[in-house]
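**Q** Just so it is clear, I am handing over work-v1.cif, which has mmCIF, C-alpha atoms and all ligand atoms.
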```cif
data_my_file
loop_
_atom_site.group_PDB
_atom_site.id
_atom_site.type_symbol
_atom_site.label_atom_id
_atom_site.label_comp_id
_atom_site.auth_asym_id
_atom_site.auth_seq_id
_atom_site.Cartn_x
_atom_site.Cartn_y
_atom_site.Cartn_z
ATOM 1 C CA MET W 292 22.881 -13.150 21.965
ATOM 2 C CA SER W 293 25.730 -14.174 19.634
ATOM 3 C CA GLU W 294 27.553 -11.902 17.212
ATOM 4 C CA THR W 295 25.434 -13.115 14.344
ATOM 5 C CA SER W 296 22.063 -13.650 15.977
ATOM 6 C CA LEU W 297 19.882 -11.881 18.552
ATOM 7 C CA CYS W 298 18.028 -13.685 21.321
ATOM 8 C CA PRO W 299 14.240 -13.698 20.997
ATOM 9 C CA THR W 300 12.574 -11.942 23.938
ATOM 10 C CA PRO W 301 8.926 -12.088 25.057
ATOM 11 C CA ARG W 302 8.392 -9.011 22.866
ATOM 12 C CA THR W 303 10.163 -10.281 19.753
ATOM 13 C CA ARG W 304 9.296 -13.968 19.783
ATOM 14 C CA ILE W 305 7.227 -14.567 16.630
ATOM 15 C CA ARG W 306 4.207 -16.713 17.325
ATOM 16 C CA ARG W 307 2.238 -16.269 14.119
ATOM 17 C CA HIS W 308 4.144 -17.920 11.232
ATOM 18 C CA PRO W 309 7.399 -18.309 13.193
ATOM 19 C CA GLU W 310 9.017 -19.846 10.091
ATOM 20 C CA ARG W 311 8.882 -16.351 8.556
ATOM 21 C CA GLY W 312 10.904 -14.840 11.389
ATOM 22 C CA SER W 313 14.632 -14.292 11.736
ATOM 23 C CA TYR W 314 16.894 -13.032 14.501
ATOM 24 C CA GLU W 315 19.998 -12.978 12.275
ATOM 25 C CA THR W 316 21.699 -9.602 12.619
ATOM 26 C CA ALA W 317 22.811 -9.671 8.959
ATOM 27 C CA GLU W 318 19.196 -9.981 7.830
ATOM 28 C CA ILE W 319 17.939 -7.361 10.292
ATOM 29 C CA HIS W 320 20.699 -4.937 9.251
ATOM 30 C CA ALA W 321 20.049 -5.514 5.543
ATOM 31 C CA ILE W 322 16.370 -4.627 5.971
ATOM 32 C CA LEU W 323 17.230 -1.519 8.002
ATOM 33 C CA ASP W 324 19.910 -0.452 5.495
ATOM 34 C CA GLU W 325 17.456 -0.501 2.629
ATOM 35 C CA ALA W 326 15.079 1.808 4.515
ATOM 36 C CA TYR W 327 14.888 5.571 4.272
ATOM 37 C CA LEU W 328 12.162 5.726 6.869
ATOM 38 C CA CYS W 329 10.896 3.948 9.911
ATOM 39 C CA THR W 330 7.795 4.294 12.060
ATOM 40 C CA VAL W 331 8.431 4.981 15.729
ATOM 41 C CA ALA W 332 5.708 3.966 18.176
ATOM 42 C CA PHE W 333 5.697 5.372 21.687
ATOM 43 C CA HIS W 334 3.273 6.332 24.439
ATOM 44 C CA ASP W 335 3.239 9.913 25.703
ATOM 45 C CA GLY W 336 1.422 9.074 28.937
ATOM 46 C CA GLU W 337 -1.997 9.791 27.452
ATOM 47 C CA THR W 338 -2.080 7.894 24.199
ATOM 48 C CA ALA W 339 -0.051 5.802 21.763
ATOM 49 C CA HIS W 340 1.547 7.331 18.646
ATOM 50 C CA ALA W 341 3.197 5.778 15.581
ATOM 51 C CA ILE W 342 5.168 8.471 13.737
ATOM 52 C CA PRO W 343 7.085 7.977 10.473
ATOM 53 C CA THR W 344 10.533 9.545 10.277
ATOM 54 C CA ALA W 345 13.835 9.218 8.385
ATOM 55 C CA CYS W 346 16.349 6.698 9.695
ATOM 56 C CA TRP W 347 19.753 5.228 9.025
ATOM 57 C CA ARG W 348 21.932 2.541 10.573
ATOM 58 C CA GLU W 349 25.518 2.767 11.757
ATOM 59 C CA GLY W 350 27.003 -0.320 13.356
ATOM 60 C CA SER W 351 24.644 -1.746 15.933
ATOM 61 C CA HIS W 352 22.429 1.360 16.262
ATOM 62 C CA LEU W 353 19.564 2.847 14.290
ATOM 63 C CA TYR W 354 19.574 6.652 14.152
ATOM 64 C CA ILE W 355 16.866 9.285 13.758
ATOM 65 C CA HIS W 356 17.084 13.060 13.890
ATOM 66 C CA GLY W 357 14.911 16.160 13.874
ATOM 67 C CA SER W 358 14.127 19.519 15.350
ATOM 68 C CA ASN W 359 14.656 20.029 19.075
ATOM 69 C CA GLY W 360 11.015 21.118 19.114
ATOM 70 C CA SER W 361 9.658 17.774 17.883
ATOM 71 C CA ARG W 362 7.390 16.074 20.409
ATOM 72 C CA LEU W 363 8.534 12.703 19.074
ATOM 73 C CA LEU W 364 12.203 13.475 19.656
ATOM 74 C CA ARG W 365 11.611 15.082 23.040
ATOM 75 C CA ALA W 366 9.576 12.114 24.284
ATOM 76 C CA LEU W 367 12.191 9.643 23.053
ATOM 77 C CA ALA W 368 15.095 11.695 24.437
ATOM 78 C CA ASP W 369 13.284 11.637 27.788
ATOM 79 C CA GLY W 370 13.490 7.841 27.663
ATOM 80 C CA ALA W 371 10.029 6.802 26.466
ATOM 81 C CA PRO W 372 9.961 3.069 25.631
ATOM 82 C CA SER W 373 9.494 2.637 21.903
ATOM 83 C CA CYS W 374 9.007 0.161 19.116
ATOM 84 C CA VAL W 375 10.439 1.009 15.692
ATOM 85 C CA SER W 376 9.234 -0.737 12.575
ATOM 86 C CA VAL W 377 10.547 -0.807 9.013
ATOM 87 C CA THR W 378 8.737 -2.508 6.140
ATOM 88 C CA HIS W 379 9.598 -3.147 2.503
ATOM 89 C CA LEU W 380 6.594 -4.170 0.447
ATOM 90 C CA ASP W 381 7.911 -6.572 -2.211
ATOM 91 C CA GLY W 382 4.729 -7.729 -3.894
ATOM 92 C CA LEU W 383 0.965 -8.158 -3.964
ATOM 93 C CA VAL W 384 0.026 -11.825 -3.796
ATOM 94 C CA PHE W 385 -3.132 -12.668 -5.753
ATOM 95 C CA ALA W 386 -4.774 -15.965 -4.868
ATOM 96 C CA ARG W 387 -7.936 -17.503 -6.299
ATOM 97 C CA SER W 388 -9.859 -16.733 -3.107
ATOM 98 C CA ALA W 389 -10.104 -13.545 -1.041
ATOM 99 C CA PHE W 390 -8.947 -15.445 2.038
ATOM 100 C CA HIS W 391 -5.596 -16.439 0.548
ATOM 101 C CA HIS W 392 -4.559 -13.063 -0.849
ATOM 102 C CA SER W 393 -1.394 -11.861 0.805
ATOM 103 C CA MET W 394 1.629 -9.574 0.492
ATOM 104 C CA ASN W 395 5.313 -10.291 0.126
ATOM 105 C CA TYR W 396 7.451 -8.220 2.441
ATOM 106 C CA ARG W 397 10.492 -7.886 4.643
ATOM 107 C CA SER W 398 10.023 -6.091 7.944
ATOM 108 C CA VAL W 399 11.772 -5.434 11.235
ATOM 109 C CA ALA W 400 10.451 -4.626 14.686
ATOM 110 C CA LEU W 401 12.978 -3.103 17.085
ATOM 111 C CA TYR W 402 12.360 -2.383 20.777
ATOM 112 C CA GLY W 403 14.124 -0.199 23.293
ATOM 113 C CA ARG W 404 14.802 3.352 24.362
ATOM 114 C CA PHE W 405 16.622 6.002 22.347
ATOM 115 C CA GLU W 406 19.598 7.940 23.659
ATOM 116 C CA ALA W 407 20.890 11.354 22.577
ATOM 117 C CA VAL W 408 23.987 11.557 20.376
ATOM 118 C CA GLN W 409 26.176 14.539 21.261
ATOM 119 C CA GLY W 410 29.305 16.378 20.177
ATOM 120 C CA GLU W 411 31.527 15.020 17.434
ATOM 121 C CA ALA W 412 29.485 11.792 17.309
ATOM 122 C CA LYS W 413 26.437 13.901 16.389
ATOM 123 C CA ARG W 414 28.305 15.528 13.513
ATOM 124 C CA ARG W 415 29.498 12.107 12.309
ATOM 125 C CA ALA W 416 25.975 10.720 12.551
ATOM 126 C CA ILE W 417 24.610 13.507 10.333
ATOM 127 C CA SER W 418 27.363 12.809 7.765
ATOM 128 C CA ALA W 419 26.394 9.122 7.865
ATOM 129 C CA PHE W 420 22.777 10.129 7.206
ATOM 130 C CA MET W 421 23.861 12.145 4.139
ATOM 131 C CA ALA W 422 25.913 9.180 2.925
ATOM 132 C CA HIS W 423 22.867 6.960 3.391
ATOM 133 C CA LEU W 424 20.912 9.222 1.017
ATOM 134 C CA THR W 425 23.692 9.018 -1.550
ATOM 135 C CA PRO W 426 27.285 7.956 -0.866
ATOM 136 C CA GLU W 427 29.335 10.950 -2.064
ATOM 137 C CA ARG W 428 26.937 13.562 -0.662
ATOM 138 C CA ALA W 429 28.580 14.165 2.718
ATOM 139 C CA ASP W 430 31.870 15.240 1.093
ATOM 140 C CA GLN W 431 30.239 17.708 -1.310
ATOM 141 C CA ILE W 432 27.748 19.707 0.757
ATOM 142 C CA ARG W 433 28.186 22.429 3.354
ATOM 143 C CA ALA W 434 28.410 20.737 6.738
ATOM 144 C CA ALA W 435 25.989 21.787 9.488
ATOM 145 C CA ASP W 436 27.192 24.905 11.338
ATOM 146 C CA GLU W 437 27.097 25.173 15.143
ATOM 147 C CA GLN W 438 23.656 26.824 15.134
ATOM 148 C CA GLU W 439 22.136 24.160 12.856
ATOM 149 C CA LEU W 440 23.759 21.429 14.894
ATOM 150 C CA ALA W 441 22.437 22.913 18.142
ATOM 151 C CA ALA W 442 18.902 23.087 16.703
ATOM 152 C CA THR W 443 18.987 19.402 15.731
ATOM 153 C CA THR W 444 18.441 16.420 17.986
ATOM 154 C CA VAL W 445 20.079 13.143 16.947
ATOM 155 C CA LEU W 446 18.966 9.989 18.731
ATOM 156 C CA ARG W 447 19.998 6.375 18.427
ATOM 157 C CA ILE W 448 18.585 3.060 19.573
ATOM 158 C CA ALA W 449 20.619 -0.122 20.010
ATOM 159 C CA ILE W 450 19.653 -2.938 17.659
ATOM 160 C CA ASP W 451 19.746 -5.598 20.330
ATOM 161 C CA GLU W 452 16.077 -6.476 20.812
ATOM 162 C CA ALA W 453 14.868 -6.899 17.255
ATOM 163 C CA VAL W 454 13.303 -9.360 14.878
ATOM 164 C CA ALA W 455 12.827 -9.639 11.134
ATOM 165 C CA LYS W 456 9.836 -11.208 9.446
ATOM 166 C CA ARG W 457 9.384 -11.854 5.756
ATOM 167 C CA ARG W 458 7.086 -13.532 3.274
ATOM 168 C CA SER W 459 8.072 -14.365 -0.287
ATOM 169 C CA GLY W 460 6.818 -16.562 -3.069
ATOM 170 C CA PRO W 461 3.511 -17.422 -4.727
ATOM 171 C CA PRO W 462 0.051 -17.570 -3.175
ATOM 172 C CA VAL W 463 -0.982 -20.581 -1.146
ATOM 173 C CA GLU W 464 -4.325 -21.846 -2.443
ATOM 174 C CA ARG W 465 -6.966 -23.995 -0.780
ATOM 175 C CA ALA W 466 -7.136 -27.460 -2.318
ATOM 176 C CA GLY W 467 -9.647 -27.367 -5.172
ATOM 177 C CA ASP W 468 -9.239 -23.626 -5.875
ATOM 178 C CA GLU W 469 -6.443 -24.230 -8.421
ATOM 179 C CA ALA W 470 -9.117 -25.139 -10.985
ATOM 180 C CA LEU W 471 -10.872 -21.749 -10.681
ATOM 181 C CA PRO W 472 -10.566 -19.744 -13.938
ATOM 182 C CA VAL W 473 -8.958 -16.643 -12.412
ATOM 183 C CA TRP W 474 -5.372 -15.383 -12.544
ATOM 184 C CA SER W 475 -3.213 -16.019 -9.531
ATOM 185 C CA GLY W 476 0.352 -15.001 -8.869
ATOM 186 C CA VAL W 477 2.491 -12.164 -7.584
ATOM 187 C CA VAL W 478 2.756 -8.572 -8.781
ATOM 188 C CA PRO W 479 6.216 -7.443 -7.608
ATOM 189 C CA LEU W 480 6.522 -3.976 -6.078
ATOM 190 C CA LYS W 481 9.752 -2.037 -5.684
ATOM 191 C CA LEU W 482 10.864 1.345 -4.420
ATOM 192 C CA THR W 483 13.121 2.784 -7.135
ATOM 193 C CA ARG W 484 14.915 6.065 -7.734
ATOM 194 C CA GLY W 485 13.443 8.046 -10.613
ATOM 195 C CA GLU W 486 15.294 10.347 -13.004
ATOM 196 C CA PRO W 487 16.789 13.197 -10.896
ATOM 197 C CA VAL W 488 15.113 16.604 -11.399
ATOM 198 C CA PRO W 489 17.563 19.513 -10.858
ATOM 199 C CA ALA W 490 16.338 22.220 -8.475
ATOM 200 C CA PRO W 491 15.261 25.508 -10.114
ATOM 201 C CA PRO W 492 16.990 28.780 -9.113
ATOM 202 C CA GLN W 493 15.823 29.443 -5.585
ATOM 203 C CA GLU W 494 15.129 32.213 -3.116
ATOM 204 C CA VAL W 495 17.511 31.854 -0.174
ATOM 205 C CA GLU W 496 16.415 31.778 3.432
ATOM 206 C CA ASN W 497 17.260 34.968 5.376
ATOM 207 C CA ALA W 498 19.863 34.176 8.012
HETATM 208 C C1 LIG V 501 3.024 -5.547 4.172
HETATM 209 C C2 LIG V 501 2.440 -6.447 5.228
HETATM 210 C C3 LIG V 501 1.130 -6.844 5.157
HETATM 211 C C4 LIG V 501 0.584 -7.677 6.132
HETATM 212 N N1 LIG V 501 -0.727 -7.979 6.064
HETATM 213 C C5 LIG V 501 -1.289 -8.677 7.060
HETATM 214 C C6 LIG V 501 -2.704 -8.905 7.094
HETATM 215 O O1 LIG V 501 -3.449 -8.436 6.231
HETATM 216 N N2 LIG V 501 -3.215 -9.622 8.127
HETATM 217 C C7 LIG V 501 -2.405 -10.083 9.114
HETATM 218 O O2 LIG V 501 -2.915 -10.708 10.048
HETATM 219 N N3 LIG V 501 -1.079 -9.902 9.118
HETATM 220 C C8 LIG V 501 -0.501 -9.200 8.119
HETATM 221 N N4 LIG V 501 0.842 -8.961 8.126
HETATM 222 C C9 LIG V 501 1.643 -9.627 9.164
HETATM 223 C C10 LIG V 501 1.626 -8.808 10.452
HETATM 224 O O3 LIG V 501 2.707 -7.869 10.389
HETATM 225 C C11 LIG V 501 1.836 -9.660 11.689
HETATM 226 O O4 LIG V 501 3.033 -10.396 11.585
HETATM 227 C C12 LIG V 501 0.678 -10.612 11.926
HETATM 228 O O5 LIG V 501 -0.563 -9.928 11.912
HETATM 229 C C13 LIG V 501 0.825 -11.313 13.269
HETATM 230 O O6 LIG V 501 0.776 -10.340 14.281
HETATM 231 P P1 LIG V 501 0.819 -10.796 15.779
HETATM 232 O O7 LIG V 501 0.958 -9.578 16.624
HETATM 233 O O8 LIG V 501 -0.311 -11.727 16.035
HETATM 234 O O9 LIG V 501 2.161 -11.655 15.733
HETATM 235 P P2 LIG V 501 2.978 -12.347 16.852
HETATM 236 O O10 LIG V 501 3.650 -13.503 16.217
HETATM 237 O O11 LIG V 501 2.194 -12.552 18.085
HETATM 238 O O12 LIG V 501 4.065 -11.206 17.138
HETATM 239 C C14 LIG V 501 5.055 -11.427 18.115
HETATM 240 C C15 LIG V 501 6.179 -10.466 17.862
HETATM 241 O O13 LIG V 501 6.742 -10.744 16.592
HETATM 242 C C16 LIG V 501 7.185 -9.530 16.003
HETATM 243 N N5 LIG V 501 6.474 -9.327 14.730
HETATM 244 C C17 LIG V 501 5.201 -9.638 14.406
HETATM 245 N N6 LIG V 501 4.934 -9.288 13.128
HETATM 246 C C18 LIG V 501 6.072 -8.746 12.658
HETATM 247 C C19 LIG V 501 6.432 -8.214 11.414
HETATM 248 N N7 LIG V 501 5.580 -8.153 10.355
HETATM 249 N N8 LIG V 501 7.681 -7.725 11.268
HETATM 250 C C20 LIG V 501 8.576 -7.774 12.273
HETATM 251 N N9 LIG V 501 8.286 -8.287 13.481
HETATM 252 C C21 LIG V 501 7.048 -8.764 13.659
HETATM 253 C C22 LIG V 501 6.886 -8.426 17.006
HETATM 254 O O14 LIG V 501 8.025 -8.226 17.804
HETATM 255 C C23 LIG V 501 5.757 -9.029 17.806
HETATM 256 O O15 LIG V 501 5.656 -8.456 19.089
HETATM 257 C C24 LIG V 501 1.400 -8.131 7.189
HETATM 258 C C25 LIG V 501 2.724 -7.719 7.274
HETATM 259 C C26 LIG V 501 3.240 -6.864 6.331
HETATM 260 C C27 LIG V 501 4.650 -6.380 6.504
#
```
Can you dump the structure from the file as structure tokens?
**A**
Amino acid sequence: MSETSLCPTPRTRIRRHPERGSYETAEIHAILDEAYLCTVAFHDGETAHAIPTACWREGSHLYIHGSNGSRLLRALADGAPSCVSVTHLDGLVFARSAFHHSMNYRSVALYGRFEAVQGEAKRRAISAFMAHLTPERADQIRAADEQELAATTVLRIAIDEAVAKRRSGPPVERAGDEALPVWSGVVPLKLTRGEPVPAPPQEVENA
């Protein structure tokens, strides 16, 4: 592993379309940084699960958080091996044959075990999560109190066994299909922020 690139491992070596793969940390980090959620796969001893949850990156770790009561967080805190995936769907690729339809995307697969984040680092991690949602947020809101902090588990996984894969560009057609009288091309897709809707006056939770 160098500072700018991760080493492929038996789990992360891309065999199918290896030219679409990348082990560059800058590319892996960029894909993770654009994500608000990841899917965490793990095995609880009986069966496999793949659970979506919010995530954010700080340095060379990806973070998740949740209630102490979450099975996902308890299993991961206990050291269950996991695989985390993040995907951005960038476009639907329409070819002139069903076989050659495709999707444009950027995705990451990340392997390892999570570890618990405690103490001041936990508080900092939650602030980083708020900043990930919108930069100035962490300085404006009420910080978590001791009770809220104690009820929350924060976990992190090192980004050191990971791989990115992406597809971009137009469809690839079979020779001869280009004459078929049907549209082909890419319909771009994008996750965008809509117009903010202010919250109505609310009932407050009883302490
Ligand atoms: C939006 C989207 C749509 C897709 N649609 C299809 C489809 O319809 N049919 C299809 O066959 N494939 C599709 N893919 C590609 C799919 O994710 C796999 O890359 C592909 O199926 C090959 O899987 P494999 O396990 O044989 O790959 P292998 O090359 O054997 O995988 C080896 C390792 O490479 C890594 N890897 C594989 N795929 C990815 C990935 N996408 N992102 C990050 N790391 C990866 C993992 O670490 C994996 O263990 C799609 C991907 C995306 C993101």
**Q** Would you name the residues within 10 Å of ligand LIG 501 (chain V), counting all atoms listed in the file, and put them as a PyMOL selection string?
**A** chain W and resi 299-309+311-314+319+374-383+390+392-402+452-458
**Q** I'd like the contact shell of segment 333-342 of chain W - 8 Å cut-off, all atoms listed in the file, skipping same-chain residues fewer than 5 positions apart - returned as a ChimeraX atom specification.
**A** /W:363,366-367,371-374
**Q** Neighbours of segment 435-438 of chain W within 10 Å (all atoms listed in the file; same-chain residues fewer than 4 positions away dropped), as a list in words?
**A**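 Selected residues are Arg414, Ile417, Ser418, Ala442 and Thr443 of chain W.
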**Q** Hey, which of W:Val463, W:Ala470, W:Leu482, W:Leu297 ends up closest to Glu318 of chain W? Count only C-alpha atoms.
**A**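 Result for the nearest residue to Glu318 of chain W: W:Leu297.
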**Q** Decode the PyMOL selection byres (((chain W and resi 347) around 8) and not hetatm) for the given file into explicit residues and return them as a list in words.
**A**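 Expected selection for the PyMOL selection byres (((chain W and resi 347) around 8) and not hetatm) here is Leu323, Asp324, Ala326, Tyr327, Leu328, Ala345, Cys346, Arg348, Glu349, Leu353, Tyr354, Ile355, Ala419, Phe420 and His423 of chain W.
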**Q** Could you save the residues just selected, with C-alpha atoms, as a PDB file, in the frame of the given file?
**A**
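Saved file selection-v9.pdb follows:
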```
ATOM      1  CA  LEU W 323      17.230  -1.519   8.002  1.00  0.00           C
ATOM      2  CA  ASP W 324      19.910  -0.452   5.495  1.00  0.00           C
ATOM      3  CA  ALA W 326      15.079   1.808   4.515  1.00  0.00           C
ATOM      4  CA  TYR W 327      14.888   5.571   4.272  1.00  0.00           C
ATOM      5  CA  LEU W 328      12.162   5.726   6.869  1.00  0.00           C
ATOM      6  CA  ALA W 345      13.835   9.218   8.385  1.00  0.00           C
ATOM      7  CA  CYS W 346      16.349   6.698   9.695  1.00  0.00           C
ATOM      8  CA  ARG W 348      21.932   2.541  10.573  1.00  0.00           C
ATOM      9  CA  GLU W 349      25.518   2.767  11.757  1.00  0.00           C
ATOM     10  CA  LEU W 353      19.564   2.847  14.290  1.00  0.00           C
ATOM     11  CA  TYR W 354      19.574   6.652  14.152  1.00  0.00           C
ATOM     12  CA  ILE W 355      16.866   9.285  13.758  1.00  0.00           C
ATOM     13  CA  ALA W 419      26.394   9.122   7.865  1.00  0.00           C
ATOM     14  CA  PHE W 420      22.777  10.129   7.206  1.00  0.00           C
ATOM     15  CA  HIS W 423      22.867   6.960   3.391  1.00  0.00           C
TER      16      HIS W 423
END
```
**Q** Distance table requested - segment 462-490 of chain W against segment 384-389 of chain W, cut-off 8 Å, only C-alpha atoms: one row per qualifying residue with the closest atom pair and its distance in Å to one decimal, ordered by chain and rising residue number, as CSV.
**A**
```
residue,atom,partner,partner_atom,distance
W:Pro462,CA,W:Ala386,CA,5.4
W:Val463,CA,W:Ala386,CA,7.0
W:Glu464,CA,W:Ala386,CA,6.4
W:Asp468,CA,W:Arg387,CA,6.3
W:Glu469,CA,W:Arg387,CA,7.2
W:Leu471,CA,W:Arg387,CA,6.8
W:Val473,CA,W:Arg387,CA,6.3
W:Trp474,CA,W:Arg387,CA,7.1
W:Ser475,CA,W:Ala386,CA,4.9
W:Gly476,CA,W:Phe385,CA,5.2
W:Val477,CA,W:Val384,CA,4.5
W:Val478,CA,W:Val384,CA,6.5
```
**Q** For a quick check of understanding, using all atoms listed in the file, which of W:Ile432, W:Val445, W:Ala466, W:Val495 has the smallest distance to Leu364 of chain W?
**A**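 When distances to Leu364 of chain W are compared using all atoms listed in the file, the smallest one comes from W:Val445.
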**Q** Go through W:Glu294, W:Glu325, W:Glu411, W:Glu310 and flag the residue nearest Lys481 of chain W, using all atoms listed in the file for the distances.
**A**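 Under the stated criterion, the closest residue is W:Glu325.
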**Q** Of the candidates W:Thr483, W:Arg465, W:Asp451, W:Pro426, which shows the shortest atom-to-atom distance to Ser296 of chain W, using only C-alpha atoms?
**A**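 Residue with the minimum atom-to-atom distance to Ser296 of chain W: W:Asp451.
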**Q** Using all atoms listed in the file, which of W:Ala434, W:Pro472, W:Gly467, W:Thr425 sits nearest Arg484 of chain W?
**A**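 Of the candidates, the smallest distance to Arg484 of chain W is held by W:Thr425.
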**Q** May I ask which of the residues W:Ala429, W:Leu440, W:Cys298, W:Leu446 is the closest one to Ala368 of chain W, counting only C-alpha atoms?
**A**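 So, comparing all the options, the nearest one is W:Leu446.
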**Q** What does the structure give for the distance between atom CA of Gly485 of chain W and atom CA of His356 of chain W, in Å to one decimal?
**A**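 The value is 25.3 Å.
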**Q** For Gly370 of chain W, find every residue with an atom within 10 Å (counting all atoms listed in the file), except residues of its own chain fewer than 6 positions away, and show them as a VMD selection string.
**A** chain W and resid 364 403 to 407
**Q** Report, in Å to a single decimal, how far apart atom CA of His352 of chain W and atom CA of Arg447 of chain W are.
**A** 6.0 Å
**Q** At what distance in Å, to one decimal, does atom CA of Pro343 of chain W lie from atom CA of Ala449 of chain W?
**A** 18.4 Å
**Q** Could segment 428-435 of chain W be completed with all heavy atoms and returned as a compact mmCIF listing (two decimals), in the frame of the given file?
**A**
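Done, and the output landed in result.txt:
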```txt
# COMPACT_ATOMS: atom_id res chain seq x y z
N ARG W 428 27.58 12.31 -1.06
CA ARG W 428 26.94 13.56 -0.66
C ARG W 428 27.66 14.29 0.48
O ARG W 428 27.87 15.51 0.42
CB ARG W 428 25.50 13.23 -0.22
CG ARG W 428 24.58 14.40 -0.17
CD ARG W 428 23.97 14.64 -1.52
NE ARG W 428 23.22 15.87 -1.50
CZ ARG W 428 23.24 16.74 -2.50
NH1 ARG W 428 23.94 16.49 -3.57
NH2 ARG W 428 22.54 17.83 -2.43
N ALA W 429 28.03 13.54 1.50
CA ALA W 429 28.58 14.16 2.72
C ALA W 429 29.84 14.97 2.42
O ALA W 429 30.11 15.98 3.07
CB ALA W 429 28.86 13.09 3.76
N ASP W 430 30.61 14.54 1.40
CA ASP W 430 31.87 15.24 1.09
C ASP W 430 31.64 16.48 0.24
O ASP W 430 32.55 17.29 0.08
CB ASP W 430 32.81 14.29 0.33
CG ASP W 430 33.15 13.08 1.17
OD1 ASP W 430 33.18 13.23 2.41
OD2 ASP W 430 33.36 12.00 0.59
N GLN W 431 30.46 16.62 -0.35
CA GLN W 431 30.24 17.71 -1.31
C GLN W 431 29.50 18.90 -0.71
O GLN W 431 29.70 20.04 -1.13
CB GLN W 431 29.41 17.18 -2.50
CG GLN W 431 30.11 16.07 -3.27
CD GLN W 431 29.19 15.41 -4.28
OE1 GLN W 431 27.97 15.52 -4.19
NE2 GLN W 431 29.78 14.72 -5.24
N ILE W 432 28.64 18.66 0.27
CA ILE W 432 27.75 19.71 0.76
C ILE W 432 28.39 20.52 1.88
O ILE W 432 29.41 20.12 2.44
CB ILE W 432 26.43 19.09 1.27
CG1 ILE W 432 26.74 17.98 2.28
CG2 ILE W 432 25.59 18.57 0.13
CD1 ILE W 432 25.53 17.43 2.97
N ARG W 433 27.75 21.65 2.18
CA ARG W 433 28.19 22.43 3.35
C ARG W 433 27.79 21.64 4.61
O ARG W 433 26.63 21.24 4.75
CB ARG W 433 27.49 23.81 3.34
CG ARG W 433 27.83 24.66 4.56
CD ARG W 433 27.15 26.03 4.50
NE ARG W 433 25.69 25.97 4.59
CZ ARG W 433 24.99 25.72 5.70
NH1 ARG W 433 25.60 25.47 6.85
NH2 ARG W 433 23.66 25.71 5.66
N ALA W 434 28.73 21.45 5.49
CA ALA W 434 28.41 20.74 6.74
C ALA W 434 27.55 21.62 7.63
O ALA W 434 27.53 22.85 7.46
CB ALA W 434 29.70 20.37 7.46
N ALA W 435 26.82 21.02 8.55
CA ALA W 435 25.99 21.79 9.49
C ALA W 435 26.87 22.74 10.30
O ALA W 435 27.96 22.34 10.75
CB ALA W 435 25.25 20.83 10.41
```
